[in-house]
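A.B. asks: I'm passing along query.cif; it holds mmCIF, C-alpha atoms.
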```cif
data_run
#
loop_
_atom_site.label_atom_id
_atom_site.label_comp_id
_atom_site.auth_asym_id
_atom_site.auth_seq_id
_atom_site.Cartn_x
_atom_site.Cartn_y
_atom_site.Cartn_z
CA MET A 1 -63.48 83.26 20.78
CA ARG A 2 -63.35 84.74 24.29
CA VAL A 3 -65.04 88.04 25.02
CA TYR A 4 -64.70 89.63 28.45
CA LEU A 5 -67.99 90.92 29.86
CA ALA A 6 -67.12 94.02 31.89
CA GLY A 7 -69.81 95.78 33.91
CA PRO A 8 -71.29 96.56 37.29
CA ASP A 9 -73.48 93.49 36.74
CA VAL A 10 -71.19 91.76 39.26
CA PHE A 11 -72.80 93.90 41.98
CA LEU A 12 -76.34 92.72 41.17
CA PRO A 13 -78.14 90.59 43.76
CA ALA A 14 -78.16 87.54 41.46
CA ALA A 15 -74.81 88.20 39.81
CA GLU A 16 -74.09 84.56 38.91
CA ALA A 17 -77.47 84.14 37.22
CA ARG A 18 -76.97 87.43 35.39
CA ALA A 19 -73.56 86.26 34.14
CA ALA A 20 -75.15 83.04 32.89
CA VAL A 21 -77.74 85.00 30.90
CA LEU A 22 -75.11 87.28 29.35
CA LYS A 23 -72.96 84.26 28.46
CA SER A 24 -75.86 82.41 26.86
CA ILE A 25 -76.43 85.38 24.55
CA CYS A 26 -72.74 85.30 23.61
CA THR A 27 -72.93 81.57 22.94
CA ARG A 28 -75.89 82.11 20.63
CA HIS A 29 -73.67 84.43 18.59
CA GLY A 30 -70.73 82.04 18.50
CA LEU A 31 -68.70 83.82 21.19
CA GLN A 32 -67.50 82.63 24.58
CA GLY A 33 -68.49 85.19 27.21
CA VAL A 34 -66.06 85.46 30.12
CA SER A 35 -67.47 86.85 33.35
CA PRO A 36 -65.38 88.64 36.00
CA LEU A 37 -66.86 86.03 38.35
CA ASP A 38 -65.28 83.12 36.46
CA PRO A 39 -62.28 81.45 38.07
CA LEU A 40 -59.09 81.24 36.05
CA ASP A 41 -58.24 77.88 34.52
CA GLU A 42 -55.04 78.03 36.51
CA GLU A 43 -54.39 80.62 39.16
CA PRO A 44 -50.71 81.50 39.64
CA GLU A 45 -49.37 79.94 42.85
CA GLY A 46 -48.23 83.22 44.33
CA TRP A 47 -51.77 84.59 44.45
CA SER A 48 -53.05 82.33 47.21
CA GLY A 49 -51.72 84.56 49.98
CA LEU A 50 -53.04 87.80 48.50
CA PRO A 51 -55.98 89.74 49.95
CA GLU A 52 -59.28 88.95 48.19
CA ALA A 53 -59.58 92.34 46.47
CA GLN A 54 -56.10 91.97 44.99
CA ARG A 55 -56.85 88.46 43.73
CA ILE A 56 -60.10 89.56 42.10
CA ALA A 57 -58.32 92.44 40.35
CA LEU A 58 -55.45 90.30 39.07
CA ARG A 59 -57.92 87.66 37.91
CA ASN A 60 -59.92 90.25 35.97
CA GLU A 61 -56.76 91.59 34.36
CA ALA A 62 -55.79 88.02 33.40
CA HIS A 63 -59.25 87.38 31.94
CA ILE A 64 -58.97 90.53 29.82
CA SER A 65 -55.48 89.60 28.62
CA ARG A 66 -56.82 86.23 27.49
CA SER A 67 -59.84 87.65 25.65
CA ALA A 68 -60.08 88.74 22.03
CA ALA A 69 -62.38 91.65 22.83
CA LEU A 70 -64.22 93.36 25.67
CA ILE A 71 -67.92 94.18 25.92
CA ALA A 72 -68.66 96.80 28.56
CA ASN A 73 -71.92 97.62 30.27
CA LEU A 74 -71.70 101.42 30.36
CA THR A 75 -75.11 102.01 31.94
CA PRO A 76 -74.53 104.89 34.40
CA PHE A 77 -73.70 103.64 37.87
CA ARG A 78 -74.03 105.81 41.01
CA GLY A 79 -73.46 109.02 39.10
CA PRO A 80 -73.54 110.30 35.53
CA SER A 81 -70.78 107.96 34.26
CA ALA A 82 -70.19 104.25 33.88
CA ASP A 83 -68.86 102.15 36.77
CA VAL A 84 -65.17 102.97 37.30
CA GLY A 85 -64.14 99.31 37.57
CA THR A 86 -65.59 98.77 34.11
CA VAL A 87 -63.87 101.88 32.77
CA PHE A 88 -60.52 100.72 34.17
CA GLU A 89 -60.98 97.50 32.25
CA ILE A 90 -61.80 99.36 29.03
CA GLY A 91 -58.55 101.30 29.39
CA TYR A 92 -56.68 98.07 30.02
CA MET A 93 -58.07 96.38 26.91
CA ARG A 94 -57.59 99.50 24.82
CA ALA A 95 -53.87 99.47 25.66
CA LEU A 96 -53.76 95.84 24.52
CA GLY A 97 -55.02 97.08 21.15
CA ARG A 98 -58.04 94.79 20.86
CA PRO A 99 -61.64 95.80 20.12
CA VAL A 100 -63.75 97.32 22.88
CA PHE A 101 -67.53 97.29 22.53
CA GLY A 102 -69.93 99.16 24.77
CA TRP A 103 -73.62 99.20 25.52
CA SER A 104 -75.67 101.40 27.79
CA ASN A 105 -79.26 101.58 28.90
CA SER A 106 -79.05 105.35 28.90
CA ALA A 107 -79.35 107.08 25.54
CA ALA A 108 -78.92 110.59 26.93
CA PRO A 109 -75.75 112.48 25.95
CA PHE A 110 -73.16 112.73 28.73
CA ASN A 111 -73.54 116.50 29.02
CA GLU A 112 -77.28 116.24 29.53
CA ARG A 113 -76.95 113.39 32.01
CA THR A 114 -74.30 115.23 34.02
CA ARG A 115 -76.49 118.33 34.19
CA ALA A 116 -79.43 116.24 35.37
CA PHE A 117 -77.16 114.77 38.06
CA LEU A 118 -75.91 118.17 39.19
CA GLY A 119 -79.33 119.82 39.09
CA ALA A 120 -79.29 123.51 39.94
CA ALA A 121 -75.53 123.33 40.48
CA ALA A 122 -74.99 123.23 36.71
CA VAL A 123 -74.76 126.71 35.23
CA ARG A 124 -73.63 128.30 32.00
CA GLY A 125 -70.27 130.06 32.15
CA PRO A 126 -69.48 133.38 30.48
CA ASP A 127 -68.63 131.63 27.18
CA GLY A 128 -71.80 129.54 27.22
CA ALA A 129 -70.15 126.29 28.32
CA TRP A 130 -71.84 124.31 31.08
CA LEU A 131 -69.98 124.29 34.40
CA ASP A 132 -70.62 122.76 37.79
CA HIS A 133 -70.87 124.77 41.03
CA GLU A 134 -67.07 124.78 41.33
CA GLY A 135 -66.60 126.10 37.82
CA MET A 136 -65.44 122.73 36.51
CA LEU A 137 -66.30 122.10 32.88
CA ILE A 138 -69.00 119.64 31.82
CA GLU A 139 -67.86 117.89 28.63
CA ALA A 140 -70.01 118.82 25.65
CA PHE A 141 -68.89 116.69 22.73
CA GLY A 142 -72.25 115.01 22.23
CA LEU A 143 -70.77 111.71 23.39
CA SER A 144 -72.34 109.15 25.69
CA ASP A 145 -69.70 109.37 28.45
CA ASN A 146 -66.25 110.84 29.10
CA LEU A 147 -64.43 111.21 25.78
CA MET A 148 -61.75 108.67 26.66
CA ILE A 149 -64.44 105.96 26.70
CA ASP A 150 -66.31 106.82 23.51
CA ALA A 151 -63.07 107.50 21.63
CA ALA A 152 -61.43 104.26 22.75
CA ILE A 153 -64.38 102.21 21.53
CA LEU A 154 -64.29 103.94 18.17
CA ALA A 155 -60.50 103.81 17.73
CA SER A 156 -60.36 100.16 18.77
CA GLY A 157 -62.71 99.12 16.00
CA GLY A 158 -65.56 98.47 18.41
CA GLU A 159 -69.06 99.92 18.53
CA LEU A 160 -71.30 101.54 21.11
CA PHE A 161 -75.01 100.77 21.45
CA THR A 162 -77.40 102.74 23.60
CA ALA A 163 -81.05 102.31 24.42
CA ALA A 164 -83.47 104.67 26.16
CA VAL A 165 -84.58 102.34 28.95
CA GLU A 166 -86.66 103.28 31.97
CA GLN A 167 -84.71 103.56 35.22
CA ALA A 168 -86.51 100.57 36.71
CA SER A 169 -85.50 98.28 33.84
CA ARG A 170 -81.94 99.38 33.30
CA TRP A 171 -80.37 96.38 35.04
CA THR A 172 -82.65 93.88 33.32
CA ASP A 173 -83.22 95.12 29.74
CA LEU A 174 -80.76 93.39 27.43
CA ALA A 175 -81.78 94.71 24.00
CA ALA A 176 -78.70 96.96 23.69
CA PHE A 177 -76.47 94.15 24.96
CA GLN A 178 -77.84 91.79 22.32
CA ARG A 179 -77.17 94.28 19.55
CA CYS A 180 -73.69 94.78 20.95
CA VAL A 181 -72.89 91.05 21.05
CA ALA A 182 -74.18 90.65 17.50
CA ALA A 183 -71.85 93.46 16.34
CA ALA A 184 -68.91 91.97 18.23
CA ALA A 185 -69.57 88.57 16.64
CA ARG A 186 -69.70 90.11 13.16
CA LYS A 187 -66.38 91.83 13.79
CA LEU A 188 -64.56 88.99 15.50
CA LEU A 189 -65.79 86.01 13.57
CA SER A 190 -65.09 87.60 10.21
CA SER A 191 -61.56 88.52 11.31
CA PRO A 192 -58.91 86.57 9.39
CA SER A 193 -56.57 86.04 12.37
CA PRO A 194 -58.49 85.35 15.58
CA PRO A 195 -56.25 85.57 18.69
CA MET B 1 -38.23 111.05 33.14
CA ARG B 2 -41.78 111.65 31.91
CA VAL B 3 -44.70 111.18 34.28
CA TYR B 4 -48.26 111.56 32.97
CA LEU B 5 -50.49 113.65 35.25
CA ALA B 6 -53.98 112.16 34.97
CA GLY B 7 -56.90 113.82 36.69
CA PRO B 8 -60.06 115.89 36.40
CA ASP B 9 -57.81 118.92 36.90
CA VAL B 10 -58.27 119.53 33.15
CA PHE B 11 -61.86 120.56 33.90
CA LEU B 12 -60.82 123.27 36.40
CA PRO B 13 -61.47 126.90 35.41
CA ALA B 14 -57.73 127.67 35.25
CA ALA B 15 -56.63 124.30 33.94
CA GLU B 16 -53.45 125.55 32.24
CA ALA B 17 -52.27 127.32 35.39
CA ARG B 18 -53.10 124.23 37.42
CA ALA B 19 -51.05 122.06 35.06
CA ALA B 20 -48.13 124.45 35.40
CA VAL B 21 -48.24 124.15 39.21
CA LEU B 22 -48.36 120.35 39.08
CA LYS B 23 -45.49 120.27 36.61
CA SER B 24 -43.36 122.60 38.73
CA ILE B 25 -43.71 120.21 41.67
CA CYS B 26 -42.60 117.35 39.40
CA THR B 27 -39.62 119.36 38.21
CA ARG B 28 -38.58 120.00 41.80
CA HIS B 29 -38.43 116.22 42.27
CA GLY B 30 -36.46 115.62 39.09
CA LEU B 31 -39.43 114.41 37.02
CA GLN B 32 -41.00 115.82 33.86
CA GLY B 33 -44.74 116.19 34.40
CA VAL B 34 -46.79 115.68 31.25
CA SER B 35 -50.25 117.26 31.26
CA PRO B 36 -53.18 115.99 29.18
CA LEU B 37 -53.30 119.58 27.88
CA ASP B 38 -49.80 119.37 26.39
CA PRO B 39 -49.56 119.05 22.62
CA LEU B 40 -47.62 116.12 21.23
CA ASP B 41 -44.15 116.83 19.89
CA GLU B 42 -45.37 115.48 16.59
CA GLU B 43 -49.00 114.70 15.92
CA PRO B 44 -49.59 111.92 13.36
CA GLU B 45 -50.76 113.39 10.05
CA GLY B 46 -53.93 111.36 9.92
CA TRP B 47 -55.30 113.00 13.05
CA SER B 48 -55.94 116.42 11.57
CA GLY B 49 -59.33 115.45 10.18
CA LEU B 50 -60.56 113.78 13.37
CA PRO B 51 -63.22 115.26 15.64
CA GLU B 52 -61.74 117.17 18.60
CA ALA B 53 -62.79 114.61 21.22
CA GLN B 54 -61.11 111.81 19.27
CA ARG B 55 -57.89 113.81 18.90
CA ILE B 56 -57.78 114.62 22.60
CA ALA B 57 -58.25 110.96 23.48
CA LEU B 58 -55.59 109.70 21.07
CA ARG B 59 -53.20 112.40 22.30
CA ASN B 60 -53.72 111.35 25.91
CA GLU B 61 -53.12 107.72 25.01
CA ALA B 62 -49.92 108.73 23.19
CA HIS B 63 -48.76 110.79 26.20
CA ILE B 64 -49.31 107.79 28.47
CA SER B 65 -47.46 105.44 26.12
CA ARG B 66 -44.49 107.82 26.17
CA SER B 67 -44.39 108.19 29.96
CA ALA B 68 -42.50 106.10 32.48
CA ALA B 69 -45.26 106.29 35.06
CA LEU B 70 -48.69 107.79 35.72
CA ILE B 71 -49.77 109.91 38.67
CA ALA B 72 -53.56 110.05 39.04
CA ASN B 73 -55.69 112.54 40.92
CA LEU B 74 -58.29 110.19 42.43
CA THR B 75 -60.19 112.86 44.37
CA PRO B 76 -63.88 111.87 43.98
CA PHE B 77 -65.50 113.62 41.03
CA ARG B 78 -69.29 113.95 40.64
CA GLY B 79 -69.99 110.81 42.64
CA PRO B 80 -68.24 108.53 45.11
CA SER B 81 -65.46 107.49 42.69
CA ALA B 82 -62.63 109.09 40.78
CA ASP B 83 -63.19 110.73 37.38
CA VAL B 84 -63.77 107.99 34.77
CA GLY B 85 -61.40 109.57 32.25
CA THR B 86 -58.65 109.32 34.84
CA VAL B 87 -59.58 105.73 35.65
CA PHE B 88 -59.50 104.79 31.96
CA GLU B 89 -55.95 106.13 31.84
CA ILE B 90 -54.96 104.14 34.93
CA GLY B 91 -56.19 100.97 33.24
CA TYR B 92 -54.29 101.90 30.09
CA MET B 93 -51.02 102.43 31.93
CA ARG B 94 -51.54 99.33 34.04
CA ALA B 95 -51.76 97.23 30.88
CA LEU B 96 -48.47 98.78 29.75
CA GLY B 97 -46.96 97.40 32.97
CA ARG B 98 -45.50 100.64 34.30
CA PRO B 99 -46.00 102.13 37.76
CA VAL B 100 -49.26 103.90 38.57
CA PHE B 101 -49.36 106.30 41.52
CA GLY B 102 -52.49 107.82 42.99
CA TRP B 103 -53.44 110.62 45.30
CA SER B 104 -56.78 111.73 46.64
CA ASN B 105 -58.08 114.54 48.79
CA SER B 106 -60.59 112.17 50.32
CA ALA B 107 -59.32 109.85 53.04
CA ALA B 108 -62.67 108.11 53.58
CA PRO B 109 -62.91 104.44 52.61
CA PHE B 110 -64.87 103.79 49.40
CA ASN B 111 -67.64 101.95 51.22
CA GLU B 112 -68.22 104.87 53.59
CA ARG B 113 -68.07 107.41 50.79
CA THR B 114 -70.52 105.46 48.65
CA ARG B 115 -72.95 105.17 51.56
CA ALA B 116 -72.70 108.92 52.17
CA PHE B 117 -73.46 109.47 48.47
CA LEU B 118 -76.47 107.13 48.51
CA GLY B 119 -77.86 108.42 51.81
CA ALA B 120 -80.96 106.61 53.00
CA ALA B 121 -80.85 104.42 49.88
CA ALA B 122 -77.97 102.43 51.38
CA VAL B 123 -79.20 99.56 53.53
CA ARG B 124 -77.77 96.41 55.05
CA GLY B 125 -78.74 93.19 53.31
CA PRO B 126 -79.67 89.95 55.08
CA ASP B 127 -76.00 88.92 55.37
CA GLY B 128 -74.93 92.30 56.73
CA ALA B 129 -73.39 93.60 53.50
CA TRP B 130 -74.25 97.15 52.43
CA LEU B 131 -76.49 97.38 49.36
CA ASP B 132 -77.99 100.25 47.40
CA HIS B 133 -81.76 100.68 46.83
CA GLU B 134 -81.59 98.26 43.89
CA GLY B 135 -79.87 95.58 45.93
CA MET B 136 -76.52 96.21 44.24
CA LEU B 137 -73.52 95.53 46.44
CA ILE B 138 -71.37 98.32 47.87
CA GLU B 139 -67.74 97.14 47.88
CA ALA B 140 -66.39 96.70 51.40
CA PHE B 141 -62.71 95.90 51.12
CA GLY B 142 -61.53 98.92 53.09
CA LEU B 143 -60.02 100.39 49.93
CA SER B 144 -60.14 103.97 48.75
CA ASP B 145 -62.05 103.31 45.50
CA ASN B 146 -63.17 100.41 43.29
CA LEU B 147 -60.81 97.48 43.83
CA MET B 148 -59.46 97.57 40.26
CA ILE B 149 -57.94 100.99 41.01
CA ASP B 150 -56.37 100.31 44.40
CA ALA B 151 -55.13 96.89 43.29
CA ALA B 152 -53.61 98.20 40.06
CA ILE B 153 -51.63 100.85 41.93
CA LEU B 154 -50.31 98.26 44.36
CA ALA B 155 -49.54 95.59 41.77
CA SER B 156 -47.82 98.10 39.48
CA GLY B 157 -45.32 99.06 42.15
CA GLY B 158 -46.93 102.44 42.73
CA GLU B 159 -48.34 103.99 45.87
CA LEU B 160 -51.55 105.71 46.91
CA PHE B 161 -51.64 108.81 49.12
CA THR B 162 -54.79 110.21 50.64
CA ALA B 163 -55.46 113.30 52.71
CA ALA B 164 -58.56 114.33 54.65
CA VAL B 165 -59.14 117.68 53.00
CA GLU B 166 -62.21 119.89 53.39
CA GLN B 167 -64.58 119.88 50.42
CA ALA B 168 -63.85 123.51 49.63
CA SER B 169 -60.09 122.88 49.34
CA ARG B 170 -60.11 119.60 47.49
CA TRP B 171 -59.19 121.10 44.12
CA THR B 172 -56.47 123.33 45.56
CA ASP B 173 -54.74 121.38 48.36
CA LEU B 174 -51.63 119.69 46.95
CA ALA B 175 -50.11 118.07 50.05
CA ALA B 176 -51.09 114.54 48.96
CA PHE B 177 -49.92 115.26 45.42
CA GLN B 178 -46.52 116.38 46.71
CA ARG B 179 -46.09 113.22 48.75
CA CYS B 180 -47.13 111.21 45.71
CA VAL B 181 -44.62 112.91 43.40
CA ALA B 182 -41.87 112.41 45.98
CA ALA B 183 -42.67 108.69 46.14
CA ALA B 184 -42.75 108.42 42.34
CA ALA B 185 -39.37 110.15 42.11
CA ARG B 186 -37.87 107.77 44.68
CA LYS B 187 -39.16 104.81 42.70
CA LEU B 188 -38.34 106.02 39.20
CA LEU B 189 -35.02 107.74 39.75
CA SER B 190 -33.54 104.83 41.70
CA SER B 191 -34.61 102.40 38.98
CA PRO B 192 -31.64 100.89 37.13
CA SER B 193 -33.24 100.96 33.67
CA PRO B 194 -35.36 104.07 33.13
CA PRO B 195 -37.61 103.78 30.06
#
```
Output the file's structure in the form of structure tokens.

C.D. replies:
Amino acid sequence: MRVYLAGPDVFLPAAEARAAVLKSICTRHGLQGVSPLDPLDEEPEGWSGLPEAQRIALRNEAHISRSAALIANLTPFRGPSADVGTVFEIGYMRALGRPVFGWSNSAAPFNERTRAFLGAAAVRGPDGAWLDHEGMLIEAFGLSDNLMIDAAILASGGELFTAAVEQASRWTDLAAFQRCVAAAARKLLSSPSPP
Amino acid sequence: MRVYLAGPDVFLPAAEARAAVLKSICTRHGLQGVSPLDPLDEEPEGWSGLPEAQRIALRNEAHISRSAALIANLTPFRGPSADVGTVFEIGYMRALGRPVFGWSNSAAPFNERTRAFLGAAAVRGPDGAWLDHEGMLIEAFGLSDNLMIDAAILASGGELFTAAVEQASRWTDLAAFQRCVAAAARKLLSSPSPP
């Protein structure tokens, strides 16, 4: 059963090798990992003239549409939240109604992580809520990222796994990913009607 | 025709007043702006026992499902990219196959904005591509954000409007939003089969 592996892992220096490692873990759990770097079996004819960015995006959308579930690397990327490309893909899969799983090498709550990112710019407002220097609210639901992400994973029947990993290891440590793949396999392979 | 107004505007200090202003601009163009802050006409019974974050998320998903198009505020939010909640919603609407429009009060290309965010940590790799301090690639397609976002807007039949607005005015200046709503109205109200 195909599982789309969303994440900023595609930006890593050895992205192809990384994809191979993630896929091998999926294989070990009886799932077929699909990387955003994988070509499509058949690319629609009309795509050949499109700019590269457009082709990559359409290919990723097609991969998601052909997968039974999505596993997202939510490790914070250049800011307090997950990579936006990954989050787009979570929204896409959520609308398709299939399970979305997430894993992150940050175990800190989103509120705490955002405040650490903002530093002295984060202050308490008159009602005690944390705000940034422009008075914009910092979510405080005890979730691991923006509520749309955590809630989508939960509502979709997926699960979220976090691990407190040192900064230097956050793009190599795969313990949370392995737990996530195991959970996805339990869910998908026990399902009576696999897509 | 309903248009969902996605954006980090919900975090602004006067979020309700902001939503009213955005909606009034929609009304002027013949569209019904739907804010994430709006209640549903009828909330499913089962939701009453859910945690607040979960209810908000399900409500936003329901609003999107009931809208003919989505207009997203892509102004960078706590990092070089758009707010992840907004990007989730773009992905959701994209999977529904309806038009996604975007506007941003940053006109800088994503690559340039990411490098400004990273500062001295951004360096050129051996092949000339820009990398961060961990060797992770910085997208260089000349787009305004991660390629999934720009490409989705284009492929959906929507449009993206950017304006070079000073930092201090980026949560108040609505010139790009107005152009965006006008374009959405042209597209939606000339359509032969409005959803």

A.B. asks: Should the cut-off be 7 Å, what would the residue list for chain B against chain A look like, counting only C-alpha atoms, as a PyMOL selection string?

C.D. replies: chain B and resi 11-13+53-54+57+78-79+84-85+87-92+94-96+135-137+141+146-148+151

A.B. asks: Please evaluate the PyMOL selection byres ((chain B and resi 69) around 6) against the structure above and give the resulting residues as a list in words.

C.D. replies: Val3, Ser67, Ala68, Leu70, Arg98, Pro99 and Val100 of chain B

A.B. asks: Kindly export the residues of the current selection with C-alpha atoms, as a PDB file, in the frame of the given file.

C.D. replies:
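Saved as part-v7.pdb:
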```pdb
ATOM      1  CA  VAL B   3     -44.700 111.180  34.280  1.00  0.00           C
ATOM      2  CA  SER B  67     -44.390 108.190  29.960  1.00  0.00           C
ATOM      3  CA  ALA B  68     -42.500 106.100  32.480  1.00  0.00           C
ATOM      4  CA  LEU B  70     -48.690 107.790  35.720  1.00  0.00           C
ATOM      5  CA  ARG B  98     -45.500 100.640  34.300  1.00  0.00           C
ATOM      6  CA  PRO B  99     -46.000 102.130  37.760  1.00  0.00           C
ATOM      7  CA  VAL B 100     -49.260 103.900  38.570  1.00  0.00           C
TER       8      VAL B 100
END
```

A.B. asks: Which is closest to Ser24 of chain A among A:Leu5, A:Ala107, A:Pro44, A:Glu112, if we use only C-alpha atoms?

C.D. replies: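 Comparing A:Leu5, A:Ala107, A:Pro44, A:Glu112 against Ser24 of chain A, the winner is A:Leu5.
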
A.B. asks: Quote the spacing between atom CA of Ala20 of chain A and atom CA of Ser48 of chain A in Å to one decimal place.

C.D. replies: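 Interatomic distance, atom CA of Ala20 of chain A to atom CA of Ser48 of chain A: 26.3 Å.
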
A.B. asks: Tell me which residues come within 12 Å of (-34.8, 109.5, 42.0), as an MDAnalysis selection string, counting only C-alpha atoms in the file's coordinates.

C.D. replies: chainID B and resid 1 26:31 181:192 194

A.B. asks: Using all atoms listed in the file, determine which residues lie at most 8 Å from Ala163 of chain B, disregarding the query and same-chain residues fewer than 5 positions distant; provide the list as JSON, numbers by chain.

C.D. replies: {"B": [104, 105, 106, 107, 175, 176]}

A.B. asks: Which distance in Å separates atom CA of Ala72 of chain B and atom CA of Phe101 of chain B, to one decimal?

C.D. replies: 6.2 Å

A.B. asks: Since the input lacks atoms, please generate all heavy atoms for segment 72-79 of chain B and provide them as a short mmCIF file (atom, residue, chain, number, x, y, z; two decimals), in the coordinates of the input.

C.D. replies:
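Output (part-v3.cif):
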```
data_model
loop_
_atom_site.label_atom_id
_atom_site.label_comp_id
_atom_site.auth_asym_id
_atom_site.auth_seq_id
_atom_site.Cartn_x
_atom_site.Cartn_y
_atom_site.Cartn_z
N ALA B 72 -52.13 109.77 39.24
CA ALA B 72 -53.56 110.05 39.04
C ALA B 72 -54.17 110.80 40.22
O ALA B 72 -53.99 110.40 41.38
CB ALA B 72 -54.32 108.74 38.84
N ASN B 73 -54.89 111.85 39.92
CA ASN B 73 -55.69 112.54 40.92
C ASN B 73 -57.01 111.77 41.08
O ASN B 73 -57.87 111.81 40.20
CB ASN B 73 -55.96 113.98 40.49
CG ASN B 73 -56.77 114.74 41.53
OD1 ASN B 73 -57.26 114.16 42.49
ND2 ASN B 73 -56.92 116.04 41.33
N LEU B 74 -57.13 111.06 42.19
CA LEU B 74 -58.29 110.19 42.43
C LEU B 74 -59.35 110.84 43.31
O LEU B 74 -60.29 110.18 43.76
CB LEU B 74 -57.82 108.88 43.07
CG LEU B 74 -56.91 108.02 42.18
CD1 LEU B 74 -56.34 106.85 42.96
CD2 LEU B 74 -57.69 107.52 40.97
N THR B 75 -59.20 112.13 43.58
CA THR B 75 -60.19 112.86 44.37
C THR B 75 -61.58 112.64 43.75
O THR B 75 -61.74 112.83 42.54
CB THR B 75 -59.86 114.36 44.40
OG1 THR B 75 -58.53 114.52 44.91
CG2 THR B 75 -60.84 115.14 45.26
N PRO B 76 -62.55 112.20 44.54
CA PRO B 76 -63.88 111.87 43.98
C PRO B 76 -64.44 113.02 43.13
O PRO B 76 -64.33 114.18 43.49
CB PRO B 76 -64.74 111.62 45.22
CG PRO B 76 -63.76 111.17 46.26
CD PRO B 76 -62.50 111.94 45.98
N PHE B 77 -65.05 112.64 42.01
CA PHE B 77 -65.50 113.62 41.03
C PHE B 77 -66.93 113.30 40.63
O PHE B 77 -67.19 112.29 39.98
CB PHE B 77 -64.56 113.56 39.81
CG PHE B 77 -64.87 114.57 38.74
CD1 PHE B 77 -64.66 115.92 38.98
CD2 PHE B 77 -65.36 114.19 37.50
CE1 PHE B 77 -64.91 116.87 37.99
CE2 PHE B 77 -65.63 115.12 36.51
CZ PHE B 77 -65.41 116.47 36.75
N ARG B 78 -67.88 114.11 41.02
CA ARG B 78 -69.29 113.95 40.64
C ARG B 78 -69.81 112.54 40.94
O ARG B 78 -70.36 111.87 40.06
CB ARG B 78 -69.49 114.32 39.16
CG ARG B 78 -69.16 115.78 38.89
CD ARG B 78 -69.24 116.17 37.42
NE ARG B 78 -68.72 117.53 37.24
CZ ARG B 78 -68.31 118.05 36.07
NH1 ARG B 78 -68.39 117.33 34.98
NH2 ARG B 78 -67.85 119.27 36.01
N GLY B 79 -69.58 112.14 42.18
CA GLY B 79 -69.99 110.81 42.64
C GLY B 79 -68.96 110.29 43.62
O GLY B 79 -68.00 110.97 43.94
#
```
